[in-house]
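Structure, as structure tokens:
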Amino acid sequence: MSRKTKDKIIMGLIYLATLATVGILFWILIYVVKNGIGHINHQFLFDVGDGENGILPMIFSTLYIVALAIAISVPIGIMTSIYTVEYAKKGRFLNFIRFAIESLAAVPSIIFGLFGMLLFVVVLKLGWSLLSGSLTVSIMVLPTIIRTSEEAIKAVPESYRNASYALGVGKLETILKVVLPSAMPGILTSVILSIGRIFGETAAIYLTAGMTPAYPESIMDSGRTLAVHLYLLAKEGISFDKAFATGAMLMFIILMINLLSKLVVKVFSRKLLV
């Protein structure tokens, strides 16, 4: 078999794997939306009843937790990635940091939930609250933010840094005004991945934020996220139709947030580069 034929076979397998991945994604989206879109109405969105109807409180609780968790984890994750790439010297300490990050990424979400329940709910006496849930999932998504941001910062050409240094700009200012804007698309990817994981998380939030189907008045109130609500609807057999409708709303909100995030970062990057 010639090398050209082998290349064609490999490329064919690559395209087939890509099509299979995209096909599975669209199959899931179409299946969930098809079974749920017909049950999304005014009553489903706004009525406050027995936990089956009125998902607006769950939407508020979900957005509260996502916003708090991202506000906590993104600054810590980006600063950690800046240190490991730009400042830390190669050696045992850096290897230990990377080992800790990789180990944290391998911890199951239920363990994060138990840890969060013991530390934030019991020891720190924050109770079953949105704050406890946000702190827990912020720790959970840190590895994703750190590792993806690291790769984005490493991908910035060294010539960008050297050109900035040649103009007399200091290291910190170079990182803030040259490196980070150039790495922003990759950092955005880490934020989007983290948002998606938080939206879909159940165990960690179930054990720390609780499952009260009511409007949260503050971050110290208990709340039920859309993912937890979907889980309860399906697990308890309350309504599979409402479960599909909740899933469709969940995917729609994630899509809108992802598009908005890309727009905001694009505008932000342009302002920094001016």
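Residue numbering restarts at 1 in every chain; chains get A, B, ... in the order shown in the structure tokens, and ligands count up from 1 in that same order.
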Taking the DSSP assignment computed from this structure's backbone, write out as JSON, numbers by chain all residues of segment 76-126 of chain A that belong to helix (DSSP H, G or I). {"A": [76, 77, 78, 79, 80, 81, 82, 83, 84, 85, 86, 87, 92, 93, 94, 95, 96, 97, 98, 99, 100, 101, 102, 103, 104, 105, 109, 110, 111, 112, 113, 114, 115, 116, 117, 118, 119, 120, 121, 122, 123]}
Write the residues of the selection above to a file with C-alpha atoms, as a PDB file, in the first residue's frame.
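After the write, out.pdb holds the following:
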```pdb
ATOM      1  CA  ILE A  76      -7.465  32.669  40.721  1.00  0.00           C
ATOM      2  CA  GLY A  77      -7.086  30.400  37.696  1.00  0.00           C
ATOM      3  CA  ILE A  78      -5.651  33.084  35.405  1.00  0.00           C
ATOM      4  CA  MET A  79      -3.210  34.361  38.039  1.00  0.00           C
ATOM      5  CA  THR A  80      -2.065  30.804  38.712  1.00  0.00           C
ATOM      6  CA  SER A  81      -1.509  30.162  35.011  1.00  0.00           C
ATOM      7  CA  ILE A  82       0.444  33.426  34.689  1.00  0.00           C
ATOM      8  CA  TYR A  83       2.685  32.378  37.562  1.00  0.00           C
ATOM      9  CA  THR A  84       3.340  28.871  36.232  1.00  0.00           C
ATOM     10  CA  VAL A  85       4.103  30.099  32.694  1.00  0.00           C
ATOM     11  CA  GLU A  86       5.761  33.486  33.188  1.00  0.00           C
ATOM     12  CA  TYR A  87       7.349  33.452  36.637  1.00  0.00           C
ATOM     13  CA  ARG A  92      10.280  20.374  41.944  1.00  0.00           C
ATOM     14  CA  PHE A  93       7.991  23.144  43.140  1.00  0.00           C
ATOM     15  CA  LEU A  94       6.523  23.738  39.662  1.00  0.00           C
ATOM     16  CA  ASN A  95       6.176  19.981  39.162  1.00  0.00           C
ATOM     17  CA  PHE A  96       4.342  19.782  42.495  1.00  0.00           C
ATOM     18  CA  ILE A  97       1.945  22.550  41.417  1.00  0.00           C
ATOM     19  CA  ARG A  98       1.185  20.781  38.137  1.00  0.00           C
ATOM     20  CA  PHE A  99       0.718  17.470  39.964  1.00  0.00           C
ATOM     21  CA  ALA A 100      -1.733  19.132  42.370  1.00  0.00           C
ATOM     22  CA  ILE A 101      -3.704  20.650  39.459  1.00  0.00           C
ATOM     23  CA  GLU A 102      -3.883  17.344  37.604  1.00  0.00           C
ATOM     24  CA  SER A 103      -4.904  15.505  40.769  1.00  0.00           C
ATOM     25  CA  LEU A 104      -7.621  18.080  41.437  1.00  0.00           C
ATOM     26  CA  ALA A 105      -8.966  17.560  37.917  1.00  0.00           C
ATOM     27  CA  SER A 109     -17.674  15.719  41.545  1.00  0.00           C
ATOM     28  CA  ILE A 110     -19.377  13.811  44.373  1.00  0.00           C
ATOM     29  CA  ILE A 111     -16.151  14.140  46.398  1.00  0.00           C
ATOM     30  CA  PHE A 112     -16.190  17.895  45.798  1.00  0.00           C
ATOM     31  CA  GLY A 113     -19.775  17.879  47.014  1.00  0.00           C
ATOM     32  CA  LEU A 114     -18.917  16.008  50.218  1.00  0.00           C
ATOM     33  CA  PHE A 115     -15.908  18.295  50.799  1.00  0.00           C
ATOM     34  CA  GLY A 116     -18.028  21.405  50.235  1.00  0.00           C
ATOM     35  CA  MET A 117     -20.773  20.142  52.520  1.00  0.00           C
ATOM     36  CA  LEU A 118     -18.344  19.415  55.364  1.00  0.00           C
ATOM     37  CA  LEU A 119     -16.256  22.584  54.995  1.00  0.00           C
ATOM     38  CA  PHE A 120     -18.644  25.295  53.854  1.00  0.00           C
ATOM     39  CA  VAL A 121     -21.991  24.021  55.125  1.00  0.00           C
ATOM     40  CA  VAL A 122     -20.931  22.472  58.459  1.00  0.00           C
ATOM     41  CA  VAL A 123     -17.539  23.841  59.564  1.00  0.00           C
TER      42      VAL A 123
END
```
Residues near segment 226-233 of chain A, cut-off 12 Å, only C-alpha atoms, skip fewer than 3 positions along chain, as a ChimeraX atom specification: /A:36,45,50-66,196-214,223,236-254
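Our summary of the geometry notes that atom CA of Arg161 of chain A is positioned 12.3 Å from atom CA of Pro181 of chain A.
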Return the single residue from A:Ile10, A:Ile187, A:Ala17, A:Met220 that is closest to Lys262 of chain A, with distances computed using only C-alpha atoms. A:Ile187
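Put simply, atom CA of Val141 of chain A is 12.6 Å away from atom CA of Thr189 of chain A.
Distances here use only C-alpha atoms; by that measure, the residue among A:Ile9, A:Leu29, A:Ile145, A:Leu126 closest to Pro75 of chain A is A:Ile145.
Interatomic distance, atom CA of Trp128 of chain A to atom CA of Ser218 of chain A: 12.2 Å.
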For a quick check of understanding, using only C-alpha atoms, which of A:Ser138, A:Tyr165, A:Leu260, A:Ser129 has the smallest distance to Thr225 of chain A? A:Ser129
